[in-house]
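Here is the file run_13.txt (compact mmCIF, C-alpha atoms).
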```txt
# COMPACT_ATOMS: atom_id res chain seq x y z
CA MET A 1 86.12 87.31 85.40
CA ALA A 2 86.54 88.86 88.85
CA ALA A 3 83.78 86.64 90.26
CA VAL A 4 85.39 83.53 88.75
CA TRP A 5 88.77 84.53 90.14
CA ALA A 6 87.33 85.08 93.62
CA ALA A 7 85.34 81.83 93.49
CA ALA A 8 88.55 79.85 93.05
CA PHE A 9 89.95 80.87 96.44
CA PRO A 10 87.54 78.90 98.66
CA VAL A 11 88.32 75.84 96.51
CA VAL A 12 92.08 75.93 95.96
CA SER A 13 93.52 78.13 98.74
CA SER A 14 94.82 76.60 101.95
CA LEU A 15 94.74 79.97 103.74
CA GLY A 16 91.63 80.75 105.78
CA PRO A 17 91.65 84.53 105.17
CA HIS A 18 91.87 83.94 101.42
CA ARG A 19 88.87 81.61 101.51
CA VAL A 20 86.85 84.17 103.47
CA TRP A 21 87.75 86.87 100.97
CA GLY A 22 86.98 84.65 97.99
CA ALA A 23 83.50 83.71 99.23
CA SER A 24 82.53 87.29 100.04
CA ALA A 25 84.11 88.83 96.95
CA CYS A 26 82.49 86.29 94.63
CA VAL A 27 79.04 87.23 95.90
CA GLY A 28 79.88 90.93 95.63
CA TYR A 29 81.15 90.68 92.07
CA LEU A 30 78.16 88.61 90.96
CA CYS A 31 75.73 91.12 92.48
CA ALA A 32 77.66 93.94 90.81
CA ALA A 33 77.31 92.21 87.44
CA VAL A 34 73.55 91.85 87.98
CA ALA A 35 73.30 95.56 88.81
CA VAL A 36 75.07 96.55 85.59
CA LEU A 37 72.84 94.37 83.46
CA SER A 38 69.54 95.26 85.09
CA TRP A 39 69.87 98.95 86.02
CA ARG A 40 71.02 100.90 83.00
CA SER A 41 70.80 104.44 84.34
CA LEU A 42 72.77 103.97 87.57
CA GLY A 43 73.96 100.40 87.15
CA ARG A 44 77.63 101.23 86.73
CA ALA A 45 77.91 103.35 89.87
CA VAL A 46 75.78 100.96 91.92
CA SER A 47 77.80 97.97 90.73
CA VAL A 48 81.09 99.55 91.78
CA TRP A 49 79.86 100.18 95.30
CA ILE A 50 78.33 96.70 95.54
CA ALA A 51 81.65 95.20 94.45
CA GLY A 52 83.48 97.33 97.02
CA ILE A 53 81.18 96.20 99.81
CA GLY A 54 81.48 92.53 98.88
CA ALA A 55 85.19 92.47 98.06
CA VAL A 56 86.58 94.98 100.56
CA LEU A 57 84.30 96.10 103.37
CA VAL A 58 82.64 92.82 104.38
CA PRO A 59 85.73 90.57 104.33
CA LEU A 60 87.89 93.24 105.98
CA VAL A 61 85.43 93.72 108.85
CA VAL A 62 84.93 89.98 109.28
CA LEU A 63 88.66 89.26 109.29
CA VAL A 64 89.50 92.12 111.65
CA LEU A 65 86.80 91.10 114.13
CA THR A 66 87.77 87.41 114.01
CA GLY A 67 91.53 87.99 113.95
CA GLY A 68 91.97 86.29 110.58
CA ALA A 69 94.95 87.60 108.64
CA GLN A 70 98.06 86.57 106.82
CA SER A 71 101.07 86.16 109.07
CA GLU A 72 102.68 89.42 107.97
CA VAL A 73 99.97 91.43 109.73
CA GLY A 74 101.11 89.99 113.05
CA VAL A 75 104.73 90.58 112.06
CA VAL A 76 104.08 94.28 111.45
CA GLU A 77 102.16 94.64 114.71
CA ARG A 78 104.96 92.95 116.63
CA ALA A 79 107.48 95.22 114.91
CA GLY A 80 105.60 98.24 116.22
CA LEU A 81 105.55 96.85 119.74
CA LEU A 82 109.27 96.00 119.65
CA THR A 83 110.09 99.47 118.34
CA VAL A 84 108.34 101.02 121.34
CA ARG A 85 110.08 98.69 123.79
CA GLN A 86 113.61 98.43 122.40
CA GLY A 87 113.93 101.00 119.63
CA THR A 88 114.28 98.41 116.84
CA PRO A 89 111.69 96.10 115.24
CA TYR A 90 113.96 93.04 115.12
CA LEU A 91 114.21 90.19 117.58
CA ALA A 92 117.83 89.37 118.33
CA ASP A 93 117.26 85.61 118.27
CA PRO A 94 114.04 84.59 116.50
CA GLN A 95 112.89 81.07 117.37
CA ALA A 96 110.52 80.55 114.44
CA VAL A 97 109.97 81.92 110.96
CA VAL A 98 106.99 84.01 112.13
CA GLU A 99 109.36 85.87 114.47
CA VAL A 100 111.46 87.11 111.57
CA THR A 101 110.77 90.70 110.44
CA PRO A 102 111.69 90.93 106.73
CA TYR A 103 110.85 94.64 106.48
CA LEU A 104 112.84 97.80 106.91
CA PRO A 105 112.18 99.83 110.09
CA GLY A 106 109.62 102.15 108.49
CA MET A 107 107.07 99.33 108.29
CA ALA A 108 106.88 99.30 112.07
CA LEU A 109 104.95 102.60 111.90
CA PHE A 110 101.84 100.63 110.92
CA GLY A 111 102.23 98.50 114.02
CA LEU A 112 102.49 101.43 116.42
CA PRO A 113 98.69 101.89 116.79
CA GLY A 114 98.47 98.27 117.92
CA ALA A 115 101.19 98.87 120.47
CA VAL A 116 99.32 101.90 121.82
CA VAL A 117 95.98 100.12 122.25
CA ALA A 118 97.38 96.70 123.17
CA ASP A 119 96.38 97.03 126.83
CA GLY A 120 93.35 99.19 126.30
CA TRP A 121 89.61 98.67 126.11
CA GLU A 122 88.80 95.47 124.21
CA PRO A 123 86.75 97.02 121.35
CA LEU A 124 89.44 99.67 120.92
CA ARG A 125 92.03 96.99 120.17
CA TYR A 126 90.49 96.35 116.79
CA LEU A 127 91.75 99.79 115.76
CA GLY A 128 95.27 98.50 116.25
CA ASP A 129 94.96 96.12 113.31
CA ALA A 130 97.80 97.03 110.95
CA ARG A 131 95.62 96.46 107.88
CA LEU A 132 93.46 99.44 108.74
CA TRP A 133 96.43 101.78 108.84
CA CYS A 134 98.01 100.28 105.73
CA ALA A 135 94.73 100.83 103.90
CA ALA A 136 94.48 104.40 105.20
CA ALA A 137 98.02 105.17 104.00
CA PHE A 138 97.34 103.66 100.58
CA LEU A 139 94.09 105.54 100.06
CA GLY A 140 95.63 108.76 101.35
CA CYS A 141 98.53 108.46 98.91
CA LEU A 142 96.20 107.85 95.96
CA TRP A 143 94.11 110.87 96.96
CA ALA A 144 97.23 113.03 97.31
CA ALA A 145 98.55 111.82 93.95
CA GLY A 146 95.26 112.82 92.33
CA ARG A 147 95.55 116.29 93.85
CA VAL A 148 99.13 116.61 92.63
CA LEU A 149 97.96 115.79 89.12
CA GLY A 150 95.72 118.85 89.24
CA GLY A 151 92.53 117.08 90.16
CA ARG A 152 92.58 115.30 86.81
CA GLY A 153 93.41 111.94 88.30
CA THR A 154 91.09 109.04 88.85
CA GLY A 155 87.54 110.17 89.55
CA GLN A 156 85.52 108.84 92.43
CA LEU A 157 83.86 106.10 90.40
CA VAL A 158 87.04 104.99 88.64
CA GLY A 159 89.02 105.12 91.86
CA ALA A 160 86.39 103.06 93.68
CA ALA A 161 86.44 100.52 90.84
CA LEU A 162 90.21 100.21 91.17
CA ILE A 163 89.96 99.64 94.93
CA ALA A 164 87.17 97.08 94.46
CA SER A 165 89.18 95.15 91.87
CA PRO A 166 90.84 91.90 93.01
CA VAL A 167 94.34 93.34 92.60
CA VAL A 168 93.63 95.76 95.49
CA ALA A 169 90.71 94.20 97.35
CA LEU A 170 92.43 90.90 98.15
CA PRO A 171 95.64 92.30 99.72
CA LEU A 172 93.67 95.07 101.44
CA ALA A 173 91.46 92.53 103.22
CA VAL A 174 93.94 89.79 104.10
CA SER A 175 97.28 91.55 104.48
CA GLY A 176 97.74 95.11 103.25
CA VAL A 177 101.46 95.43 103.96
CA ASP A 178 102.40 96.13 100.32
CA LEU A 179 99.70 98.75 99.79
CA PRO A 180 101.46 101.67 101.56
CA LEU A 181 104.54 100.97 99.45
CA THR A 182 102.45 101.01 96.28
CA GLY A 183 100.64 104.21 97.26
CA LEU A 184 103.88 106.01 98.06
CA LEU A 185 105.40 104.97 94.73
CA CYS A 186 102.34 106.31 92.92
CA LEU A 187 102.65 109.56 94.83
CA ALA A 188 106.38 109.85 94.11
CA LEU A 189 105.80 109.31 90.38
CA ALA A 190 103.01 111.90 90.34
CA LEU A 191 105.19 114.46 92.12
CA ALA A 192 108.10 113.83 89.79
CA ALA A 193 105.83 114.18 86.75
CA ARG A 194 104.78 117.60 88.07
CA HIS A 195 108.38 118.80 88.61
CA ARG A 196 108.40 118.63 92.43
CA PRO A 197 111.71 116.90 93.21
CA VAL A 198 111.92 117.50 96.97
CA ALA A 199 108.39 116.24 97.63
CA ALA A 200 109.01 113.27 95.33
CA GLY A 201 112.19 112.53 97.26
CA LEU A 202 110.32 112.58 100.57
CA ALA A 203 107.69 110.16 99.26
CA LEU A 204 110.45 107.91 97.95
CA ALA A 205 112.25 108.03 101.30
CA LEU A 206 109.12 106.81 103.05
CA ALA A 207 108.67 104.02 100.50
CA CYS A 208 112.31 102.97 100.63
CA SER A 209 112.22 102.76 104.43
CA LEU A 210 109.40 100.18 104.24
CA LYS A 211 110.87 97.53 101.93
CA TRP A 212 114.02 97.42 99.87
CA THR A 213 111.96 96.35 96.87
CA ALA A 214 111.10 100.06 96.52
CA TRP A 215 114.72 100.99 95.84
CA PRO A 216 114.52 100.54 92.02
CA ALA A 217 112.09 103.46 92.05
CA LEU A 218 115.01 105.77 92.90
CA ALA A 219 116.47 105.32 89.42
CA VAL A 220 113.11 105.65 87.65
CA VAL A 221 112.11 108.82 89.49
CA ALA A 222 115.58 110.31 88.97
CA ALA A 223 115.34 109.63 85.22
CA LEU A 224 111.86 111.15 85.05
CA LEU A 225 112.96 114.26 86.96
CA ALA A 226 116.07 114.65 84.81
CA HIS A 227 113.98 114.50 81.63
CA ARG A 228 111.20 116.79 82.84
CA ALA A 229 113.01 119.26 85.13
CA GLY A 230 116.73 118.88 84.53
CA LEU A 231 119.71 117.18 86.15
CA GLY A 232 119.65 119.48 89.18
CA ALA A 233 116.11 118.48 90.05
CA ALA A 234 117.03 114.81 89.68
CA LEU A 235 119.96 115.22 92.04
CA ARG A 236 117.85 117.07 94.61
CA GLY A 237 115.11 114.47 94.54
CA THR A 238 117.55 111.56 94.77
CA GLY A 239 119.50 113.24 97.54
CA VAL A 240 116.39 113.80 99.64
CA ALA A 241 115.27 110.19 99.06
CA VAL A 242 118.63 108.67 100.00
CA ALA A 243 119.11 110.92 103.02
CA GLY A 244 115.60 110.25 104.29
CA THR A 245 116.00 106.49 103.90
CA VAL A 246 119.32 106.53 105.73
CA LEU A 247 117.85 108.53 108.61
CA ALA A 248 114.94 106.09 108.91
CA VAL A 249 117.10 102.96 108.82
CA LEU A 250 120.15 104.20 110.73
CA PRO A 251 118.85 103.75 114.32
CA SER A 252 118.06 100.07 113.73
CA ALA A 253 121.30 99.61 111.82
CA LEU A 254 123.20 100.86 114.86
CA LEU A 255 121.13 99.04 117.49
CA ALA A 256 120.74 95.71 115.69
CA PRO A 257 122.98 95.50 112.61
CA GLY A 258 123.15 91.69 112.59
CA PRO A 259 119.40 91.02 112.87
CA LEU A 260 118.66 93.73 110.29
CA VAL A 261 120.98 92.20 107.66
CA GLU A 262 119.90 88.65 108.46
CA GLN A 263 116.15 89.28 108.47
CA VAL A 264 115.76 92.03 105.87
CA PHE A 265 118.25 90.94 103.22
CA ALA A 266 119.38 87.33 103.78
CA PHE A 267 116.00 85.86 104.71
CA PRO A 268 113.98 87.11 101.68
CA THR A 269 116.67 85.91 99.26
CA GLY A 270 116.70 82.40 100.70
CA ARG A 271 120.08 82.73 102.47
CA GLY A 272 118.87 83.19 106.03
CA GLU A 273 118.67 80.73 108.89
CA TRP A 274 114.94 80.27 108.31
CA GLU A 275 113.45 79.26 104.98
CA THR A 276 111.23 81.95 103.54
CA PRO A 277 107.58 80.99 102.96
CA ALA A 278 107.66 82.91 99.65
CA ASP A 279 107.95 79.77 97.52
CA SER A 280 105.83 80.30 94.41
CA PRO A 281 107.30 78.41 91.41
CA LEU A 282 108.70 81.50 89.70
CA PRO A 283 111.86 81.19 87.54
CA GLY A 284 114.23 82.51 90.20
CA ARG A 285 112.85 80.18 92.86
CA LEU A 286 113.06 77.17 90.54
CA LEU A 287 116.69 78.00 89.81
CA ALA A 288 117.52 78.47 93.49
CA ASP A 289 116.03 75.06 94.30
CA LEU A 290 118.74 73.46 92.14
CA GLY A 291 121.35 74.25 94.77
CA PRO A 292 124.13 76.83 95.26
CA PHE A 293 124.85 77.03 91.53
CA GLY A 294 121.18 77.69 90.79
CA TRP A 295 121.02 80.39 93.48
CA TYR A 296 124.02 82.21 92.01
CA ALA A 297 122.54 81.83 88.53
CA ALA A 298 119.29 83.42 89.71
CA MET A 299 121.16 86.28 91.35
CA THR A 300 123.24 86.80 88.19
CA LEU A 301 120.12 86.96 86.04
CA LEU A 302 118.55 89.33 88.56
CA ALA A 303 121.57 91.64 88.41
CA ALA A 304 121.56 91.48 84.61
CA GLY A 305 117.89 92.42 84.54
CA GLY A 306 118.57 95.38 86.81
CA VAL A 307 121.41 96.56 84.59
CA ALA A 308 119.20 96.25 81.51
CA VAL A 309 116.50 98.41 83.08
CA ALA A 310 119.11 100.96 84.21
CA VAL A 311 120.55 101.15 80.69
CA SER A 312 117.07 101.69 79.26
CA LEU A 313 116.57 104.59 81.66
CA TRP A 314 119.81 106.16 80.49
CA VAL A 315 119.23 105.59 76.77
CA ARG A 316 115.54 106.46 76.74
CA PRO A 317 114.39 108.15 79.96
CA PRO A 318 110.64 108.15 80.62
CA ALA A 319 108.96 111.34 79.44
CA GLY A 320 105.83 111.20 81.60
CA LEU A 321 103.86 109.44 84.30
CA VAL A 322 102.74 106.43 82.27
CA PRO A 323 106.16 105.60 80.74
CA ALA A 324 107.79 105.99 84.17
CA ALA A 325 105.23 103.73 85.84
CA ASP A 326 105.66 101.16 83.08
CA ARG A 327 109.45 101.22 83.39
CA LEU A 328 109.22 100.76 87.16
CA ALA A 329 106.70 97.96 86.64
CA VAL A 330 109.08 96.21 84.25
CA GLY A 331 111.92 96.52 86.76
CA LEU A 332 109.82 95.16 89.61
CA CYS A 333 108.47 92.30 87.48
CA THR A 334 112.04 91.38 86.58
CA ALA A 335 113.04 91.43 90.23
CA PHE A 336 110.07 89.38 91.41
CA LEU A 337 110.39 86.80 88.64
CA LEU A 338 114.14 86.28 88.98
CA ALA A 339 114.57 86.61 92.75
CA PRO A 340 115.51 83.34 94.52
CA ALA A 341 112.26 83.58 96.50
CA GLY A 342 108.97 85.19 95.64
CA ARG A 343 105.21 84.96 95.41
CA PHE A 344 102.75 85.39 92.57
CA GLY A 345 101.04 88.00 94.75
CA TYR A 346 104.07 90.29 94.48
CA LEU A 347 103.22 90.87 90.81
CA ALA A 348 100.11 92.78 91.86
CA LEU A 349 102.34 95.77 92.70
CA PRO A 350 103.66 96.40 89.15
CA VAL A 351 100.23 95.67 87.67
CA LEU A 352 98.65 98.24 89.98
CA LEU A 353 101.30 100.84 89.13
CA SER A 354 100.67 100.56 85.39
CA VAL A 355 96.89 100.51 85.71
CA TRP A 356 96.80 103.47 88.13
CA ALA A 357 99.08 105.59 85.92
CA ARG A 358 96.81 105.10 82.91
CA LEU A 359 93.69 105.89 84.89
CA ALA A 360 95.34 108.95 86.42
CA GLU A 361 96.46 110.35 83.08
CA ALA A 362 93.41 109.38 81.00
CA PRO A 363 91.39 112.59 81.64
CA SER A 364 94.38 114.78 80.83
CA ARG A 365 94.80 113.05 77.48
CA VAL A 366 91.14 113.49 76.63
CA ALA A 367 91.01 117.20 77.56
CA PRO A 368 93.17 118.51 74.68
CA ALA A 369 91.04 116.67 72.12
CA ARG A 370 87.91 118.26 73.54
CA SER A 371 89.61 121.65 73.52
CA ARG A 372 90.40 121.24 69.83
CA VAL A 373 86.76 120.41 69.08
CA VAL A 374 85.56 123.52 70.94
CA ALA A 375 88.19 125.65 69.21
CA ALA A 376 87.20 124.28 65.82
CA GLY A 377 83.56 125.05 66.54
CA SER A 378 84.45 128.58 67.54
CA ALA A 379 86.51 129.07 64.41
CA ALA A 380 83.67 127.85 62.22
CA ARG A 381 81.18 130.26 63.81
CA PRO A 382 80.75 133.45 61.67
CA VAL A 383 82.23 136.62 63.10
CA LEU A 384 79.68 139.42 63.35
CA VAL A 385 80.88 142.97 62.92
CA GLY A 386 79.34 146.39 62.76
CA GLY A 387 75.58 146.52 62.21
CA ASP A 388 75.28 142.76 61.94
CA ARG A 389 75.48 142.39 65.72
```

Could I get this structure in the form of C-alpha cells?
Amino acid sequence: MAAVWAAAFPVVSSLGPHRVWGASACVGYLCAAVAVLSWRSLGRAVSVWIAGIGAVLVPLVVLVLTGGAQSEVGVVERAGLLTVRQGTPYLADPQAVVEVTPYLPGMALFGLPGAVVADGWEPLRYLGDARLWCAAAFLGCLWAAGRVLGGRGTGQLVGAALIASPVVALPLAVSGVDLPLTGLLCLALALAARHRPVAAGLALALACSLKWTAWPALAVVAALLAHRAGLGAALRGTGVAVAGTVLAVLPSALLAPGPLVEQVFAFPTGRGEWETPADSPLPGRLLADLGPFGWYAAMTLLAAGGVAVAVSLWVRPPAGLVPAADRLAVGLCTAFLLAPAGRFGYLALPVLLSVWARLAEAPSRVAPARSRVVAAGSAARPVLVGGDR
C-alpha cells in the first residue's frame, strides 16, 4: 500500500518535491517488500531500513542539495533571517503570498541556522535548510518521549518503521514544518501521563509558540493531568504553558501587532489580504467558498466542534496516554475539517499522534500479561522444604 501511495505522486502531483519523493519512496517501499518476502530471518529489520533510505534519506538529500522544497521551508528560513535583523519574523507589507508568515514567532527558531550560514562557505549553507532542524527537533522529541515513558516506548525497529512510513517520510522530505509541533505534542502528552506537569507545560509552551493549531492541546493535557495527578498539577502545567507561550509571542506582538494578527490568524482562516493556498476541498473550505454566510457557518461549526470536545474532556477526562492522544486527534481533525481553509496533509498530524501513542504504550500493556504468566509458573512450581532440598 505504501508503494502504491508513493507511486501516485509522480503521476497526479503538480509539485516537484512531491514527485521526487514519490519516485524515490516507491522504489524504497518495493525493495522493502522484496526484502521481507525473501529474507525471513532478518527481512523485517532490513526492510525497515531500506524503506527509510528510499523514503527519507535519498529524497531529503536530493531535495536539500537541489533546493527543492515546499514554499513553507523558504518562509521559515526568511522568518529566521527577519528575526535576526528586526526582532520579528513578519514583513510589514508583504507583496506576495509567499512573503506572508502564517506561523507564530517560535517557528523562526528553525530558520535561525540558515540566517547564521547565509553568507558562509557554500557547502555549509546546506546545513541552514530548515527541514534538517525540523527533523532533528521531531526525532529528539520522540526520543525524549520514549525516555519519559521509562524506556518502554517505541523500540528502534518500530520507531524506524514509523519514520519510514508515508505519514512521516513525506513531510520530513518536502517540508517538515509540522513535525516539530507533532513531536512536542507527543512529548507533552508523555510527560503529562507520567505526572510531570511543569515539564509538560514547557513542552506545550514550545508547541504553542510554533502554530496556534497546537492550542487545543492545552485543554487535553490539563484534563489528563487533572485525572492523573490532581487539579493542582493541571493548573501548574497550564500556567507554565500559557506563560511560556505569552513570553515567546509577546516581543512580536509588541513590535508588529498588525502583521502578526493579519498573517497568523486572518490569513489561514481565509480573511486576510492574500488568499491562502490551503484549498483542499474539505467541508469547511467548501462552505467558505459559498460566500460570507458560508464562512460564518464554517466558523460556527468549528466553534461547536471545539465546545463538544471540551465538554467530553470535562465529562470523561482521558485516563492515559492513548485516550489523551485520541481526544487531541479528534479535536484536531474537527478543526482541520471544519476550518475555512485547510489541506488534506494537515490530517497527518492527528493520525501520527494516535499511532505513536499506541506504539509507545504497547510494550507497557504487554508486560503485565507476561508478569502474570511468570507468576503463575512460579506458583505452580512445588515448594521444597526441609530435607527435600

**Report entry** Shortest interatomic distance to Tyr90 in chain A - which of A:Pro105, A:Gly114, A:Gly176, A:Pro166, counting all atoms listed in the file
**Finding:** A:Pro105

Query - Local residues around (116.7, 94.8, 109.6), at most 9 Å away, using all atoms listed in the file, as a PyMOL selection string - result: chain A and resi 88-90+101-105+249+252-253+256-265

**Report entry** Which residue of A:Val116, A:Leu184, A:Val307, A:Val97 approaches Ala278 in chain A most closely, using all atoms listed in the file
**Finding:** A:Val97

Query raised in the report: Out of A:Leu132, A:Leu65, A:Val100, A:Leu172, which residue has the shortest atom-to-atom distance to Trp21 in chain A when counting all atoms listed in the file?
Result: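 Among A:Leu132, A:Leu65, A:Val100, A:Leu172, it is A:Leu172 that comes nearest to Trp21 in chain A.
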
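Residues surrounding Gly111 in chain A within 10 Å are Val73, Gly74, Val75, Val76, Glu77, Arg78, Ala79, Gly80, Leu81, Leu82, Thr83, Val84, Pro89, Gly106, Met107, Ala108, Gly114, Ala115, Val116, Gly128, Asp129, Ala130, Arg131, Trp133 and Cys134 of chain A [all atoms listed in the file; sequence separation below 3 positions excluded].
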
Keeping only C-alpha atoms, write those residues as a tab-separated table (two decimals), in the frame of the given file.
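Dumped everything to out-v8.tsv:
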```tsv
chain	number	residue	atom	x	y	z
A	73	VAL	CA	99.97	91.43	109.73
A	74	GLY	CA	101.11	89.99	113.05
A	75	VAL	CA	104.73	90.58	112.06
A	76	VAL	CA	104.08	94.28	111.45
A	77	GLU	CA	102.16	94.64	114.71
A	78	ARG	CA	104.96	92.95	116.63
A	79	ALA	CA	107.48	95.22	114.91
A	80	GLY	CA	105.60	98.24	116.22
A	81	LEU	CA	105.55	96.85	119.74
A	82	LEU	CA	109.27	96.00	119.65
A	83	THR	CA	110.09	99.47	118.34
A	84	VAL	CA	108.34	101.02	121.34
A	89	PRO	CA	111.69	96.10	115.24
A	106	GLY	CA	109.62	102.15	108.49
A	107	MET	CA	107.07	99.33	108.29
A	108	ALA	CA	106.88	99.30	112.07
A	114	GLY	CA	98.47	98.27	117.92
A	115	ALA	CA	101.19	98.87	120.47
A	116	VAL	CA	99.32	101.90	121.82
A	128	GLY	CA	95.27	98.50	116.25
A	129	ASP	CA	94.96	96.12	113.31
A	130	ALA	CA	97.80	97.03	110.95
A	131	ARG	CA	95.62	96.46	107.88
A	133	TRP	CA	96.43	101.78	108.84
A	134	CYS	CA	98.01	100.28	105.73
```

Requested in this report: Name all residues at most 10 Å from Gly67 in chain A (count only C-alpha atoms; drop same-chain ones fewer than 4 positions away) and give them as a list of chain:residue names.
Outcome: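 Close residues of Gly67 in chain A: A:Pro17, A:Val61, A:Val62, A:Leu63, A:Gly74, A:Tyr126, A:Asp129.
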
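What separates CA of Cys31 in chain A from CA of Val58 in chain A is a distance of 13.9 Å.
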
Query raised in the report: If you measure from CA of Leu302 in chain A to CA of Ala335 in chain A, what distance in Å do you get, rounded to one decimal?
Result: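 Distance between the two atoms: 6.1 Å.
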
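Nearest-residue note for Ala8 in chain A: choosing from A:Ala118, A:Val355, A:Ala23, A:Val220, the minimum distance belongs to A:Ala23, counting all atoms listed in the file.
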
Query raised in the report: Around (116.8, 84.0, 105.7) in the file's own coordinates, what residues are found within 8 Å if you use all atoms listed in the file, given back as a list in words?
Result: Glu262, Gln263, Phe265, Ala266, Phe267, Pro268, Thr269, Gly270, Arg271, Gly272, Glu273, Trp274, Glu275 and Thr276 of chain A

Query raised in the report: Using only C-alpha atoms, which residues sit within 8 Å of range 230-247 of chain A once same-chain residues fewer than 4 positions away are excluded, as JSON, numbers by chain?
Result: {"A": [195, 197, 198, 199, 200, 201, 202, 203, 204, 205, 206, 208, 209, 218, 221, 222, 223, 224, 225, 226, 251]}

Query - Å distance separating CA of Ala25 in chain A from CA of Gly54 in chain A, one decimal place - result: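 According to the coordinates, CA of Ala25 in chain A and CA of Gly54 in chain A are separated by 4.9 Å.
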
What box, with edges along x, y and z, holds each listed atom of range 199-209 of chain A when 4 Å is added on every side, and can you state its centre and edge lengths in Å to one decimal, as lines of an AutoDock Vina configuration file?
```
center_x = 110.0
center_y = 109.5
center_z = 99.9
size_x = 12.6
size_y = 21.5
size_z = 17.1
```

Report task. May I have the residues within 12 Å of Val56 in chain A as a PyMOL selection string, using all atoms listed in the file and disregarding those fewer than 2 positions away in the same chain? Result -> chain A and resi 20-29+48-54+58-64+131-132+135+160-176

Give me a file of those residues, with C-alpha atoms, as a PDB file, in the coordinates of the input.
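So out36.pdb came out as:
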```
ATOM      1  CA  VAL A  20      86.850  84.170 103.470  1.00  0.00           C
ATOM      2  CA  TRP A  21      87.750  86.870 100.970  1.00  0.00           C
ATOM      3  CA  GLY A  22      86.980  84.650  97.990  1.00  0.00           C
ATOM      4  CA  ALA A  23      83.500  83.710  99.230  1.00  0.00           C
ATOM      5  CA  SER A  24      82.530  87.290 100.040  1.00  0.00           C
ATOM      6  CA  ALA A  25      84.110  88.830  96.950  1.00  0.00           C
ATOM      7  CA  CYS A  26      82.490  86.290  94.630  1.00  0.00           C
ATOM      8  CA  VAL A  27      79.040  87.230  95.900  1.00  0.00           C
ATOM      9  CA  GLY A  28      79.880  90.930  95.630  1.00  0.00           C
ATOM     10  CA  TYR A  29      81.150  90.680  92.070  1.00  0.00           C
ATOM     11  CA  VAL A  48      81.090  99.550  91.780  1.00  0.00           C
ATOM     12  CA  TRP A  49      79.860 100.180  95.300  1.00  0.00           C
ATOM     13  CA  ILE A  50      78.330  96.700  95.540  1.00  0.00           C
ATOM     14  CA  ALA A  51      81.650  95.200  94.450  1.00  0.00           C
ATOM     15  CA  GLY A  52      83.480  97.330  97.020  1.00  0.00           C
ATOM     16  CA  ILE A  53      81.180  96.200  99.810  1.00  0.00           C
ATOM     17  CA  GLY A  54      81.480  92.530  98.880  1.00  0.00           C
ATOM     18  CA  VAL A  58      82.640  92.820 104.380  1.00  0.00           C
ATOM     19  CA  PRO A  59      85.730  90.570 104.330  1.00  0.00           C
ATOM     20  CA  LEU A  60      87.890  93.240 105.980  1.00  0.00           C
ATOM     21  CA  VAL A  61      85.430  93.720 108.850  1.00  0.00           C
ATOM     22  CA  VAL A  62      84.930  89.980 109.280  1.00  0.00           C
ATOM     23  CA  LEU A  63      88.660  89.260 109.290  1.00  0.00           C
ATOM     24  CA  VAL A  64      89.500  92.120 111.650  1.00  0.00           C
ATOM     25  CA  ARG A 131      95.620  96.460 107.880  1.00  0.00           C
ATOM     26  CA  LEU A 132      93.460  99.440 108.740  1.00  0.00           C
ATOM     27  CA  ALA A 135      94.730 100.830 103.900  1.00  0.00           C
ATOM     28  CA  ALA A 160      86.390 103.060  93.680  1.00  0.00           C
ATOM     29  CA  ALA A 161      86.440 100.520  90.840  1.00  0.00           C
ATOM     30  CA  LEU A 162      90.210 100.210  91.170  1.00  0.00           C
ATOM     31  CA  ILE A 163      89.960  99.640  94.930  1.00  0.00           C
ATOM     32  CA  ALA A 164      87.170  97.080  94.460  1.00  0.00           C
ATOM     33  CA  SER A 165      89.180  95.150  91.870  1.00  0.00           C
ATOM     34  CA  PRO A 166      90.840  91.900  93.010  1.00  0.00           C
ATOM     35  CA  VAL A 167      94.340  93.340  92.600  1.00  0.00           C
ATOM     36  CA  VAL A 168      93.630  95.760  95.490  1.00  0.00           C
ATOM     37  CA  ALA A 169      90.710  94.200  97.350  1.00  0.00           C
ATOM     38  CA  LEU A 170      92.430  90.900  98.150  1.00  0.00           C
ATOM     39  CA  PRO A 171      95.640  92.300  99.720  1.00  0.00           C
ATOM     40  CA  LEU A 172      93.670  95.070 101.440  1.00  0.00           C
ATOM     41  CA  ALA A 173      91.460  92.530 103.220  1.00  0.00           C
ATOM     42  CA  VAL A 174      93.940  89.790 104.100  1.00  0.00           C
ATOM     43  CA  SER A 175      97.280  91.550 104.480  1.00  0.00           C
ATOM     44  CA  GLY A 176      97.740  95.110 103.250  1.00  0.00           C
TER      45      GLY A 176
END
```
